[in-house]
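> Got a structure for you, questions after.
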Amino acid sequence: MKVSRLITPLTCLAVALALTVIVFGAYVRLSDAGLGCPDWPGCYGQLVVPDTGHAQAAEQFGRPVEVGKAWKEMVHRYLASTLGLLIVILACLTWLERRNVPTPSHATRVPYLLVPLVMFQGALGMWTVTLLLKPVVVSSHLLGGMAVLALLWWTALRRLESSTPARETANAPSRLLLAAALLMVVIQIVLGGWTSANYAALACTDFPTCQSSWWPTMDFREAFILWRGLGINYEYGVLDGPARTAIHFTHRLGALATTVLVVAAAISAMRCHMPAFRRTGVIVLAMLALQVTLGISNVRLGLPLKVAVAHNGVAALLLLALVTLNFLRVRRVRS
């Protein structure tokens with residue numbers, strides 16, 4: 001089989017696996033299993049999770065062995081490691097393909113870029129544990145995972161695009177608008193990660209008000225300190241109520257700005273004559289509506305685990321839909 005025939009299905013598999021890693025990572029974080037294994041890459045110094053009666057392991061690491069949480073963390077590591085290996089394989093296959101079939105250098109940059117990115121992502125995974133769930137590391141780890149997913153999806157779109165020559169479209173959406181919508185979604189994902197890492201999701205339990213006020217007591221200075229030194233255990237959070245409220249409220253304001261920009265981008269795409277733009281615009285609107293619904297449900301229902309995990313998953317899907325819109329605009333593919 002030719003190398004080029006392997007790359008496309010493997011890239012699609014990598015996209016699916018990256019999405020799985022992100023969703024399962026959210027499940028680990030939201031079920032308070034981030035420190036299920038207090039060391040890295042093993043678990044209590046072993047290759048597999050020890051049983052609850054392993055007193056020596058618990059004494060050595062200062063944490064009782066919670067088998068359920070430990071297995072969640074280890075499964076996430078196994079999935080992430082598999083994804084990293086697959087990305088390295090894709091980079092090697094891309095190199096072999098380029099040797100046999102000359103291709104423009106820009107067509108191979110992303111697979112090569114993904115290798116150091118996924119290695120750094122692995123380092124962030126290690127620091128998440130060794131630095132005791134430091135919020136800036138946890139949020140960066142989430143952002144890195146989303147970046148890996150987006151770049152893999154861009155690569156898949158490039159592989160799957162039609163061979164029909166690209167052409168300009170008179171009423172194509174503005175590149176600036178689509179890029180702004182994508183950037184705003186990325187910022188909102190980071191804010192969501194910061195909210196989760198600081199255990200601020202339930203700082204406001206009512207909606208649309210917060211603590212029965214349109215502007216509750218908040219401490220923005222404490223809320224966004226990125227580095228508080230080493231040796232602090234951030235499990236279950238270290239901030240007081242006003243700081244957590246400020247984080248939660250900022251995430252809400254970000255959601256409002258994101259909604260405005262994404263709706264504008266989706267409507268602009270739906271007005272385009274190209275069916276691919278119109279279809280993707282509808283998908284963007286659907287993902288946005290679902291995401292807003294899940295966000296409100298998290299507040300009103302007290303952060304149910306399934307809803308909170310779904311909120312993370314749909315954020316990733318919304319990101320992919322906007323990446324698709326930007327890809328269509330940049331490539332101007334005929335549909």
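Convention: chains lettered A, B, ... in structure tokens order; per-chain residue numbering from 1; ligands numbered from 1 as shown.
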If we count only C-alpha atoms and set the cut-off at 9 Å, which residues sit around Ala321 of chain A, ignoring sequence neighbours fewer than 6 positions away in its own chain? Please answer as a list in words.

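Within the cut-off, the hits are Thr280, Gly281, Ile283, Val284 and Met287 of chain A.
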
> Take the residues just selected and output them with N, CA and C atoms as a PDB file, in the first residue's frame.


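The result, written out as out.pdb:
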```
ATOM      1  N   THR A 280     -21.496  24.231   7.157  1.00  0.00           N
ATOM      2  CA  THR A 280     -20.641  24.407   8.329  1.00  0.00           C
ATOM      3  C   THR A 280     -21.176  25.506   9.233  1.00  0.00           C
ATOM      4  N   GLY A 281     -21.745  26.566   8.647  1.00  0.00           N
ATOM      5  CA  GLY A 281     -22.351  27.622   9.444  1.00  0.00           C
ATOM      6  C   GLY A 281     -23.486  27.098  10.308  1.00  0.00           C
ATOM      7  N   ILE A 283     -23.797  24.015  11.385  1.00  0.00           N
ATOM      8  CA  ILE A 283     -23.173  23.184  12.431  1.00  0.00           C
ATOM      9  C   ILE A 283     -22.618  24.065  13.547  1.00  0.00           C
ATOM     10  N   VAL A 284     -21.993  25.174  13.183  1.00  0.00           N
ATOM     11  CA  VAL A 284     -21.449  26.096  14.184  1.00  0.00           C
ATOM     12  C   VAL A 284     -22.553  26.612  15.091  1.00  0.00           C
ATOM     13  N   MET A 287     -23.743  23.792  17.425  1.00  0.00           N
ATOM     14  CA  MET A 287     -22.784  23.531  18.501  1.00  0.00           C
ATOM     15  C   MET A 287     -22.806  24.649  19.537  1.00  0.00           C
TER      16      MET A 287
END
```

> Mind checking which residues fall within 7 Å of segment 245-253 of chain A, counting only C-alpha atoms, ignoring those fewer than 4 positions away in the same chain, and posting them as a list in words?

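Contacts, in chain order: Gln188, Leu191, Gly192, Thr195, Ala200, Ala201, Ala203, Cys204, Met218, Asp219, Phe220, Ala223, Gly241 and Ala257 of chain A.
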
> Could you write those residues out with C-alpha atoms, as a compact mmCIF listing (two decimals), in the first residue's frame?


```
# COMPACT_ATOMS: atom_id res chain seq x y z
CA GLN A 188 -13.16 31.13 26.18
CA LEU A 191 -11.20 30.78 30.67
CA GLY A 192 -13.19 27.59 31.07
CA THR A 195 -12.57 28.20 36.00
CA ALA A 200 -14.95 28.13 40.48
CA ALA A 201 -17.68 26.51 38.40
CA ALA A 203 -19.18 30.13 42.54
CA CYS A 204 -22.50 31.26 41.04
CA MET A 218 -15.55 39.87 43.34
CA ASP A 219 -11.78 39.92 43.77
CA PHE A 220 -10.19 40.12 40.30
CA ALA A 223 -8.52 35.59 40.70
CA GLY A 241 -15.21 33.08 47.50
CA ALA A 257 -18.66 37.89 23.72
```

> Please list as JSON, numbers by chain every residue within 8 Å of segment 11-16 of chain A, counting only C-alpha atoms and excluding residues in the same chain fewer than 4 positions away.

{"A": [7, 20, 83, 86, 87, 90, 149, 152, 153, 155, 156]}

> Quick check, in Å to one decimal: how far apart do atom CA of Arg159 of chain A and atom CA of Pro275 of chain A lie?

19.5 Å

> I need the residues of segment 185-325 of chain A that end up classed as helix (DSSP H, G or I) by DSSP on the backbone, written out as a PyMOL selection string.

chain A and resi 185-197+220-223+241-270+275-301+305-325

> Rounded to one decimal in Å, what is the spacing between atom CA of Leu325 of chain A and atom CA of Phe277 of chain A?

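Here the two named atoms are 6.7 Å from each other.
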